[in-house]
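Student: Below is the file work_21.cif, which contains mmCIF, C-alpha atoms.
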```cif
data_target
#
loop_
_atom_site.label_atom_id
_atom_site.label_comp_id
_atom_site.auth_asym_id
_atom_site.auth_seq_id
_atom_site.Cartn_x
_atom_site.Cartn_y
_atom_site.Cartn_z
CA MET A 280 118.02 147.15 74.77
CA ILE A 281 114.40 146.32 75.43
CA VAL A 282 113.22 146.65 79.05
CA ARG A 283 109.69 145.59 80.01
CA ASP A 284 107.86 144.99 83.27
CA PHE A 285 105.40 142.13 83.63
CA ASN A 286 103.48 144.12 86.23
CA GLU A 287 102.84 146.89 83.71
CA LEU A 288 102.20 144.69 80.66
CA LYS A 289 99.67 142.51 82.47
CA ASN A 290 97.18 145.41 82.27
CA THR A 291 97.68 146.00 78.53
CA ASP A 292 96.87 144.18 75.30
CA LYS A 293 100.10 142.21 75.76
CA ALA A 294 98.09 140.06 78.20
CA VAL A 295 96.09 137.48 76.28
CA ALA A 296 93.48 135.51 78.20
CA ASN A 297 91.61 132.41 77.17
CA GLU A 298 89.30 130.42 79.41
CA ARG A 299 91.36 129.78 82.54
CA TRP A 300 94.84 131.01 81.57
CA THR A 301 96.51 134.35 80.88
CA SER A 302 99.73 134.85 78.95
CA VAL A 303 101.69 138.09 79.11
CA ARG A 304 103.85 138.45 76.02
CA MET A 305 107.15 139.91 77.15
CA LEU A 306 108.85 139.34 73.77
CA LEU A 307 107.24 138.56 70.41
CA ALA A 308 108.47 137.89 66.89
CA ASP A 309 108.58 141.62 66.12
CA ASP A 310 111.32 142.03 68.72
CA LYS A 311 113.60 139.97 66.47
CA MET A 312 115.23 137.93 69.23
CA ASN A 313 114.52 134.63 67.36
CA PHE A 314 112.39 133.44 70.27
CA SER A 315 109.39 134.77 72.14
CA PHE A 316 109.10 134.90 75.92
CA HIS A 317 105.85 134.79 77.86
CA ILE A 318 104.75 134.68 81.49
CA THR A 319 101.75 132.38 81.58
CA THR A 320 99.41 131.94 84.54
CA LEU A 321 97.13 128.90 84.69
CA GLU A 322 94.26 129.22 87.13
CA ALA A 323 94.34 126.95 90.19
CA GLY A 324 92.31 123.82 89.52
CA SER A 325 92.29 124.22 85.72
CA GLU A 326 93.25 121.72 82.97
CA HIS A 327 94.54 122.52 79.49
CA GLU A 328 95.41 120.52 76.41
CA PHE A 329 98.02 121.90 74.01
CA HIS A 330 99.87 120.62 70.98
CA TYR A 331 102.40 122.99 69.44
CA LYS A 332 102.95 121.17 66.17
CA HIS A 333 104.90 124.05 64.66
CA HIS A 334 106.81 125.43 67.66
CA PHE A 335 109.29 124.32 70.28
CA GLU A 336 108.30 125.48 73.77
CA SER A 337 110.06 125.31 77.12
CA VAL A 338 108.15 126.04 80.32
CA TYR A 339 109.76 126.77 83.69
CA CYS A 340 107.60 126.68 86.83
CA MET A 341 108.07 129.74 89.06
CA SER A 342 105.18 129.10 91.45
CA GLY A 343 102.28 126.74 92.01
CA THR A 344 102.16 122.97 91.54
CA GLY A 345 100.54 120.59 89.09
CA ARG A 346 101.15 117.83 86.57
CA ILE A 347 101.92 117.41 82.90
CA ILE A 348 100.70 114.33 81.04
CA GLU A 349 102.35 113.07 77.83
CA LEU A 350 99.23 112.19 75.83
CA ASP A 351 101.08 110.27 73.11
CA ASN A 352 103.40 108.42 75.49
CA ASP A 353 101.14 106.19 77.63
CA ASN A 354 99.95 109.19 79.63
CA LYS A 355 103.32 109.37 81.37
CA THR A 356 102.92 112.01 84.10
CA HIS A 357 105.46 114.43 85.56
CA GLU A 358 105.10 116.51 88.69
CA ILE A 359 105.30 120.29 88.20
CA LYS A 360 106.62 122.41 91.07
CA PRO A 361 108.84 125.48 91.33
CA GLY A 362 112.16 124.77 89.60
CA VAL A 363 110.80 122.12 87.23
CA MET A 364 111.06 122.81 83.50
CA TYR A 365 109.54 120.83 80.66
CA ALA A 366 110.59 121.25 77.04
CA LEU A 367 108.45 120.05 74.14
CA ASN A 368 111.33 118.97 71.93
CA LEU A 369 109.13 116.45 70.10
CA HIS A 370 106.17 118.85 69.72
CA ASP A 371 104.59 116.65 72.39
CA ARG A 372 100.81 116.69 72.73
CA HIS A 373 100.18 117.25 76.43
CA ARG A 374 97.68 118.03 79.17
CA LEU A 375 98.70 120.51 81.85
CA ILE A 376 96.90 120.48 85.19
CA ALA A 377 97.17 123.18 87.86
CA ASP A 378 96.52 121.91 91.36
CA GLU A 379 93.87 123.54 93.51
CA GLY A 380 95.09 126.18 95.93
CA ALA A 381 97.43 128.32 93.85
CA ASP A 382 97.82 129.41 90.25
CA LEU A 383 100.65 127.90 88.20
CA VAL A 384 102.99 130.69 87.03
CA MET A 385 105.32 129.69 84.20
CA ALA A 386 108.11 131.33 82.19
CA CYS A 387 107.77 130.14 78.57
CA CYS A 388 110.08 130.40 75.54
CA PHE A 389 108.93 129.66 71.99
CA ASN A 390 110.88 129.07 68.81
CA PRO A 391 110.00 130.13 66.23
CA PRO A 392 108.80 133.20 68.11
CA VAL A 393 105.08 133.65 68.51
CA THR A 394 103.82 136.66 66.56
CA GLY A 395 100.98 137.44 68.99
CA LYS A 396 98.37 136.92 66.28
CA GLU A 397 97.97 133.16 66.80
CA VAL A 398 94.91 131.60 68.34
CA HIS A 399 94.82 128.09 69.74
CA ARG A 400 93.13 125.93 67.13
CA GLU A 401 90.78 123.07 67.92
CA ASP A 402 93.70 120.64 68.00
CA GLY A 403 95.53 122.76 70.63
CA SER A 404 98.15 124.03 68.15
CA TYR A 405 99.16 127.45 66.95
CA ALA A 406 99.34 127.94 63.19
CA PRO A 407 102.84 128.31 61.76
CA ALA A 408 103.80 131.94 61.07
CA ASP A 409 103.63 131.51 57.28
CA GLU A 410 99.98 130.44 57.47
CA LEU A 411 99.20 133.55 59.50
CA GLU A 412 100.82 135.72 56.88
CA LYS A 413 98.68 134.13 54.20
CA ALA A 414 95.48 134.47 56.24
CA MET B 66 109.56 115.64 76.23
CA ILE B 67 112.46 116.78 78.36
CA VAL B 68 111.73 117.32 82.08
CA ARG B 69 114.43 118.74 84.36
CA ASP B 70 114.50 120.14 87.87
CA PHE B 71 116.66 123.15 88.74
CA ASN B 72 116.97 121.87 92.30
CA GLU B 73 118.58 118.66 91.05
CA LEU B 74 120.73 120.19 88.29
CA LYS B 75 122.20 122.84 90.58
CA ASN B 76 124.31 120.12 92.22
CA THR B 77 125.64 118.71 88.92
CA ASP B 78 128.00 119.82 86.17
CA LYS B 79 125.04 121.66 84.59
CA ALA B 80 125.77 124.40 87.18
CA VAL B 81 128.57 126.63 85.92
CA ALA B 82 130.07 129.10 88.39
CA ASN B 83 132.36 132.02 87.72
CA GLU B 84 133.41 134.54 90.32
CA ARG B 85 130.14 135.72 91.84
CA TRP B 86 127.51 134.14 89.62
CA THR B 87 126.19 130.64 88.97
CA SER B 88 124.27 129.55 85.89
CA VAL B 89 122.28 126.31 85.79
CA ARG B 90 121.86 125.19 82.21
CA MET B 91 118.34 123.82 81.92
CA LEU B 92 118.50 123.55 78.09
CA LEU B 93 121.56 123.69 75.84
CA ALA B 94 122.20 123.51 72.10
CA ASP B 95 122.26 119.69 72.19
CA ASP B 96 118.60 119.70 73.19
CA LYS B 97 117.78 121.10 69.73
CA MET B 98 115.15 123.61 70.86
CA ASN B 99 116.85 126.46 68.91
CA PHE B 100 117.39 128.36 72.15
CA SER B 101 119.05 127.63 75.47
CA PHE B 102 117.50 128.32 78.85
CA HIS B 103 119.43 129.04 82.03
CA ILE B 104 118.65 129.98 85.63
CA THR B 105 121.37 132.42 86.64
CA THR B 106 122.03 133.61 90.19
CA LEU B 107 124.12 136.73 90.75
CA GLU B 108 125.45 137.10 94.25
CA ALA B 109 124.04 139.97 96.34
CA GLY B 110 126.33 142.98 96.07
CA SER B 111 128.12 141.79 92.92
CA GLU B 112 128.74 143.57 89.59
CA HIS B 113 129.23 141.98 86.19
CA GLU B 114 130.04 143.22 82.71
CA PHE B 115 128.83 141.21 79.72
CA HIS B 116 128.74 141.70 75.99
CA TYR B 117 127.12 138.91 73.97
CA LYS B 118 128.30 139.95 70.53
CA HIS B 119 127.15 136.71 68.94
CA HIS B 120 123.98 135.91 70.88
CA PHE B 121 120.61 137.42 71.68
CA GLU B 122 119.75 137.09 75.37
CA SER B 123 116.60 137.87 77.35
CA VAL B 124 116.73 137.97 81.15
CA TYR B 125 113.65 137.88 83.40
CA CYS B 126 114.05 138.77 87.09
CA MET B 127 112.40 136.24 89.42
CA SER B 128 113.82 137.54 92.70
CA GLY B 129 116.22 140.13 94.06
CA THR B 130 116.76 143.70 92.90
CA GLY B 131 119.49 145.58 91.09
CA ARG B 132 120.30 147.69 88.05
CA ILE B 133 121.41 147.28 84.46
CA ILE B 134 123.53 149.95 82.79
CA GLU B 135 123.71 150.40 79.01
CA LEU B 136 127.43 151.00 78.60
CA ASP B 137 127.21 152.18 74.99
CA ASN B 138 124.13 154.36 75.51
CA ASP B 139 125.21 157.12 77.93
CA ASN B 140 125.14 154.68 80.85
CA LYS B 141 121.36 154.70 80.76
CA THR B 142 120.26 152.74 83.83
CA HIS B 143 117.20 150.55 84.39
CA GLU B 144 115.91 149.21 87.68
CA ILE B 145 115.76 145.41 87.97
CA LYS B 146 113.11 143.89 90.24
CA PRO B 147 110.87 140.84 90.08
CA GLY B 148 108.83 140.96 86.87
CA VAL B 149 111.30 143.11 84.92
CA MET B 150 112.84 141.64 81.76
CA TYR B 151 115.62 143.04 79.65
CA ALA B 152 116.42 141.80 76.15
CA LEU B 153 119.74 142.47 74.46
CA ASN B 154 118.34 142.87 70.96
CA LEU B 155 121.28 145.06 69.91
CA HIS B 156 123.91 142.80 71.52
CA ASP B 157 124.15 145.61 74.07
CA ARG B 158 127.28 145.83 76.18
CA HIS B 159 126.05 146.15 79.77
CA ARG B 160 126.87 146.11 83.45
CA LEU B 161 124.57 144.20 85.78
CA ILE B 162 124.54 145.06 89.47
CA ALA B 163 122.88 142.98 92.18
CA ASP B 164 121.85 145.01 95.21
CA GLU B 165 123.07 144.04 98.66
CA GLY B 166 120.70 141.92 100.71
CA ALA B 167 119.51 139.25 98.29
CA ASP B 168 120.83 137.39 95.25
CA LEU B 169 119.41 138.27 91.83
CA VAL B 170 117.77 135.17 90.32
CA MET B 171 117.13 135.40 86.60
CA ALA B 172 115.55 133.20 83.89
CA CYS B 173 117.66 133.61 80.72
CA CYS B 174 117.07 132.58 77.09
CA PHE B 175 119.82 132.60 74.46
CA ASN B 176 119.66 132.38 70.68
CA PRO B 177 121.60 130.84 69.14
CA PRO B 178 121.59 128.33 71.97
CA VAL B 179 124.63 128.17 74.20
CA THR B 180 126.50 124.87 73.77
CA GLY B 181 127.78 124.80 77.36
CA LYS B 182 131.39 124.87 76.19
CA GLU B 183 131.68 128.67 76.01
CA VAL B 184 133.71 130.69 78.46
CA HIS B 185 133.31 134.44 78.93
CA ARG B 186 136.15 136.07 77.04
CA GLU B 187 137.99 139.16 78.22
CA ASP B 188 135.52 141.37 76.38
CA GLY B 189 132.55 139.76 78.20
CA SER B 190 131.36 137.86 75.12
CA TYR B 191 130.85 134.20 74.34
CA ALA B 192 132.46 132.91 71.15
CA PRO B 193 130.06 132.04 68.34
CA ALA B 194 129.34 128.30 68.07
CA ASP B 195 131.30 127.90 64.85
CA GLU B 196 134.48 129.18 66.51
CA LEU B 197 134.00 126.64 69.28
CA GLU B 198 133.70 123.85 66.74
CA LYS B 199 136.96 124.94 65.14
CA ALA B 200 138.74 125.25 68.49
#
```
Here is a file; write its structure as structure tokens.
Tutor:
Amino acid sequence: MIVRDFNELKNTDKAVANERWTSVRMLLADDKMNFSFHITTLEAGSEHEFHYKHHFESVYCMSGTGRIIELDNDNKTHEIKPGVMYALNLHDRHRLIADEGADLVMACCFNPPVTGKEVHREDGSYAPADELEKA
Amino acid sequence: MIVRDFNELKNTDKAVANERWTSVRMLLADDKMNFSFHITTLEAGSEHEFHYKHHFESVYCMSGTGRIIELDNDNKTHEIKPGVMYALNLHDRHRLIADEGADLVMACCFNPPVTGKEVHREDGSYAPADELEKA
């Protein structure tokens, strides 16, 4: 059994920050669970564009409010608030917006699991794991 | 993109209750994400024994407090509080205890994904998906 505490990991190298978000990697590929699990905090008032071409991701809002925009589906927009989950079953290119006033705190699952070595590329994607191995 | 709201699903057949817990299935196998995602609420003061022989599960505590006991590892006990995650990477047989005073609310990921047709068997496990298909 693996037991980990977000409040300890957030002060270690398991917390990855980039511009106006921080992601604490609670589970990564090495843990061999077949998914990874992250707690991601998006700064109040920030906007982000992501496109996980090689991963499925689900994102559950624990606190904060905002919006998600489907960039390849007429900019269809969904409200984000505690209890709302979105799942990128079509590898959907999207923009995520955190409202002013409070950070958005999200529980995120990825399959295949993130290795922890990925960086967001210019197109908002993570490389597939086999490209990382080759790199 | 799939968008679902816990506060709507909890009043539908996506909420599965059993004795003193309720699990709202936010994502199931049919959603083809390669994992399932559930919000599970364990009633304050309740105890539960589970053994997912055929699944990996991670469980992240969002609210409430309690304990998890590793039943096949000298009853080693871990405190559960908001921010703590446990991951059953060894299909660990375990007892989960919710303290009195507040329900334990947990965000759970399963691989392989739960189909929604499983029931907990006498040994605390879910059947593997291929047994369900045969049933």
Student: Per residue of stretch 90-182 of chain B within 10 Å of stretch 359-364 of chain A, note the shortest atom pair and the distance in Å to one decimal, counting only C-alpha atoms, and order the rows by chain and increasing residue number, as CSV.
Tutor:
```
residue,atom,partner,partner_atom,distance
B:Met91,CA,A:Met364,CA,7.5
B:Leu92,CA,A:Met364,CA,9.2
B:Phe102,CA,A:Met364,CA,9.7
B:Ile104,CA,A:Gly362,CA,9.2
```
Student: Quick one: chain A onto chain B, least squares on all Cα paired in order, result as a short mmCIF file (atom, residue, chain, number, x, y, z; two decimals) with C-alpha atoms, in the frame of the given file?
Tutor:
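Okay, part.cif is ready:
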```
data_model
loop_
_atom_site.label_atom_id
_atom_site.label_comp_id
_atom_site.auth_asym_id
_atom_site.auth_seq_id
_atom_site.Cartn_x
_atom_site.Cartn_y
_atom_site.Cartn_z
CA MET A 280 109.53 115.64 76.25
CA ILE A 281 112.43 116.79 78.36
CA VAL A 282 111.72 117.31 82.08
CA ARG A 283 114.42 118.75 84.36
CA ASP A 284 114.50 120.14 87.88
CA PHE A 285 116.64 123.14 88.74
CA ASN A 286 116.98 121.87 92.30
CA GLU A 287 118.59 118.66 91.06
CA LEU A 288 120.73 120.18 88.29
CA LYS A 289 122.20 122.84 90.57
CA ASN A 290 124.32 120.11 92.21
CA THR A 291 125.64 118.70 88.91
CA ASP A 292 127.99 119.82 86.16
CA LYS A 293 125.04 121.66 84.58
CA ALA A 294 125.76 124.40 87.16
CA VAL A 295 128.57 126.61 85.92
CA ALA A 296 130.06 129.09 88.38
CA ASN A 297 132.36 131.99 87.73
CA GLU A 298 133.43 134.54 90.31
CA ARG A 299 130.16 135.73 91.85
CA TRP A 300 127.50 134.13 89.63
CA THR A 301 126.18 130.63 88.97
CA SER A 302 124.25 129.55 85.89
CA VAL A 303 122.28 126.31 85.79
CA ARG A 304 121.84 125.18 82.21
CA MET A 305 118.33 123.81 81.91
CA LEU A 306 118.48 123.55 78.09
CA LEU A 307 121.54 123.67 75.83
CA ALA A 308 122.18 123.50 72.10
CA ASP A 309 122.24 119.69 72.20
CA ASP A 310 118.57 119.70 73.19
CA LYS A 311 117.76 121.10 69.74
CA MET A 312 115.13 123.59 70.88
CA ASN A 313 116.83 126.44 68.91
CA PHE A 314 117.37 128.35 72.15
CA SER A 315 119.04 127.62 75.46
CA PHE A 316 117.48 128.32 78.85
CA HIS A 317 119.41 129.03 82.03
CA ILE A 318 118.65 129.98 85.63
CA THR A 319 121.36 132.41 86.64
CA THR A 320 122.03 133.60 90.18
CA LEU A 321 124.12 136.73 90.74
CA GLU A 322 125.46 137.10 94.26
CA ALA A 323 124.05 139.97 96.34
CA GLY A 324 126.33 142.99 96.06
CA SER A 325 128.14 141.78 92.92
CA GLU A 326 128.74 143.57 89.58
CA HIS A 327 129.23 141.97 86.17
CA GLU A 328 130.05 143.21 82.70
CA PHE A 329 128.83 141.20 79.71
CA HIS A 330 128.72 141.70 75.97
CA TYR A 331 127.11 138.91 73.96
CA LYS A 332 128.28 139.95 70.52
CA HIS A 333 127.14 136.71 68.93
CA HIS A 334 123.95 135.91 70.87
CA PHE A 335 120.59 137.41 71.68
CA GLU A 336 119.73 137.09 75.37
CA SER A 337 116.59 137.88 77.35
CA VAL A 338 116.70 137.96 81.15
CA TYR A 339 113.64 137.89 83.41
CA CYS A 340 114.04 138.77 87.09
CA MET A 341 112.40 136.24 89.43
CA SER A 342 113.83 137.54 92.70
CA GLY A 343 116.23 140.12 94.06
CA THR A 344 116.77 143.70 92.90
CA GLY A 345 119.49 145.59 91.08
CA ARG A 346 120.31 147.70 88.04
CA ILE A 347 121.41 147.28 84.46
CA ILE A 348 123.54 149.95 82.79
CA GLU A 349 123.69 150.39 79.00
CA LEU A 350 127.43 151.00 78.59
CA ASP A 351 127.22 152.18 74.98
CA ASN A 352 124.15 154.37 75.50
CA ASP A 353 125.23 157.13 77.92
CA ASN A 354 125.15 154.70 80.84
CA LYS A 355 121.36 154.71 80.76
CA THR A 356 120.26 152.75 83.84
CA HIS A 357 117.20 150.56 84.39
CA GLU A 358 115.91 149.22 87.68
CA ILE A 359 115.76 145.42 87.98
CA LYS A 360 113.11 143.90 90.25
CA PRO A 361 110.87 140.84 90.08
CA GLY A 362 108.83 140.97 86.87
CA VAL A 363 111.30 143.12 84.92
CA MET A 364 112.81 141.63 81.77
CA TYR A 365 115.61 143.04 79.65
CA ALA A 366 116.39 141.79 76.16
CA LEU A 367 119.72 142.46 74.45
CA ASN A 368 118.31 142.87 70.96
CA LEU A 369 121.25 145.06 69.91
CA HIS A 370 123.89 142.80 71.51
CA ASP A 371 124.13 145.61 74.07
CA ARG A 372 127.28 145.85 76.17
CA HIS A 373 126.03 146.14 79.74
CA ARG A 374 126.88 146.11 83.44
CA LEU A 375 124.57 144.21 85.77
CA ILE A 376 124.55 145.06 89.47
CA ALA A 377 122.89 142.98 92.19
CA ASP A 378 121.86 145.01 95.21
CA GLU A 379 123.07 144.03 98.66
CA GLY A 380 120.70 141.91 100.71
CA ALA A 381 119.52 139.25 98.28
CA ASP A 382 120.84 137.39 95.26
CA LEU A 383 119.42 138.26 91.84
CA VAL A 384 117.77 135.16 90.33
CA MET A 385 117.13 135.40 86.59
CA ALA A 386 115.55 133.21 83.90
CA CYS A 387 117.64 133.61 80.72
CA CYS A 388 117.05 132.57 77.09
CA PHE A 389 119.79 132.60 74.46
CA ASN A 390 119.63 132.38 70.69
CA PRO A 391 121.58 130.84 69.14
CA PRO A 392 121.56 128.32 71.97
CA VAL A 393 124.61 128.17 74.19
CA THR A 394 126.48 124.89 73.77
CA GLY A 395 127.77 124.81 77.37
CA LYS A 396 131.38 124.88 76.19
CA GLU A 397 131.69 128.68 76.02
CA VAL A 398 133.72 130.70 78.45
CA HIS A 399 133.33 134.43 78.93
CA ARG A 400 136.18 136.07 77.05
CA GLU A 401 138.02 139.16 78.23
CA ASP A 402 135.55 141.38 76.38
CA GLY A 403 132.58 139.78 78.21
CA SER A 404 131.39 137.86 75.12
CA TYR A 405 130.89 134.21 74.35
CA ALA A 406 132.50 132.91 71.16
CA PRO A 407 130.09 132.05 68.35
CA ALA A 408 129.38 128.31 68.09
CA ASP A 409 131.36 127.92 64.85
CA GLU A 410 134.53 129.21 66.52
CA LEU A 411 134.07 126.66 69.29
CA GLU A 412 133.78 123.89 66.76
CA LYS A 413 137.03 124.98 65.15
CA ALA A 414 138.84 125.27 68.49
#
```
Student: I'd like the residues picked by the PyMOL selection byres ((chain B) within 7 of (chain A)) written out as a PyMOL selection string, using the chain letters and numbers from the file.
Tutor: chain B and resi 66-72+98-99+121+148-155+157+176
Student: Taking the file above as input, evaluate the PyMOL selection byres ((chain B and resi 160) around 7) and report the hits as a ChimeraX atom specification.
Tutor: /B:112-115,133-136,159,161-162
Student: Please report the interatomic distance between atom CA of B:Gly181 and atom CA of B:Lys75 in Å with one decimal.
Tutor: 14.5 Å
Student: Excluding A:Asp382 and residues on its chain fewer than 5 positions from it, collect all residues at most 7 Å away from it, counting all atoms listed in the file, and give them as a PyMOL selection string.
Tutor: chain A and resi 320-323+343+377
Student: Output C-alpha atoms for every residue in that selection, as a PDB file, in the frame of the given file.
Tutor:
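part.pdb was written with the following content:
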```pdb
ATOM      1  CA  THR A 320      99.410 131.940  84.540  1.00  0.00           C
ATOM      2  CA  LEU A 321      97.130 128.900  84.690  1.00  0.00           C
ATOM      3  CA  GLU A 322      94.260 129.220  87.130  1.00  0.00           C
ATOM      4  CA  ALA A 323      94.340 126.950  90.190  1.00  0.00           C
ATOM      5  CA  GLY A 343     102.280 126.740  92.010  1.00  0.00           C
ATOM      6  CA  ALA A 377      97.170 123.180  87.860  1.00  0.00           C
TER       7      ALA A 377
END
```
Student: Please provide as a compact mmCIF listing (two decimals) with C-alpha atoms, in the frame of the given file all residues within 7 Å of stretch 397-406 of chain A, with the sequence filter that same-chain residues fewer than 5 positions apart are discarded (counting all atoms listed in the file).
Tutor:
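The result, written out as result_19.txt:
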```txt
# COMPACT_ATOMS: atom_id res chain seq x y z
CA GLU A 328 95.41 120.52 76.41
CA PHE A 329 98.02 121.90 74.01
CA HIS A 330 99.87 120.62 70.98
CA TYR A 331 102.40 122.99 69.44
CA LYS A 332 102.95 121.17 66.17
CA HIS A 333 104.90 124.05 64.66
CA LEU A 411 99.20 133.55 59.50
```
Student: Have a look at atom CA of B:Lys182 and atom CA of A:Val393 and let me know their distance in Å, one decimal.
Tutor: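 Taking atom CA of B:Lys182 as the start and atom CA of A:Val393 as the end point, the length is 28.8 Å.
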Student: What is the distance between atom CA of A:Thr319 and atom CA of A:Val303, in Å to one decimal?
Tutor: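 Answer for the atom CA of A:Thr319 to atom CA of A:Val303 separation: 6.2 Å.
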Student: Between A:Val384, A:Pro407, A:Asp351, A:Thr394, which one has atoms that come closest to A:Lys293, using all atoms listed in the file?
Tutor: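 Answer, going by the shortest atom-to-atom distance: A:Thr394.
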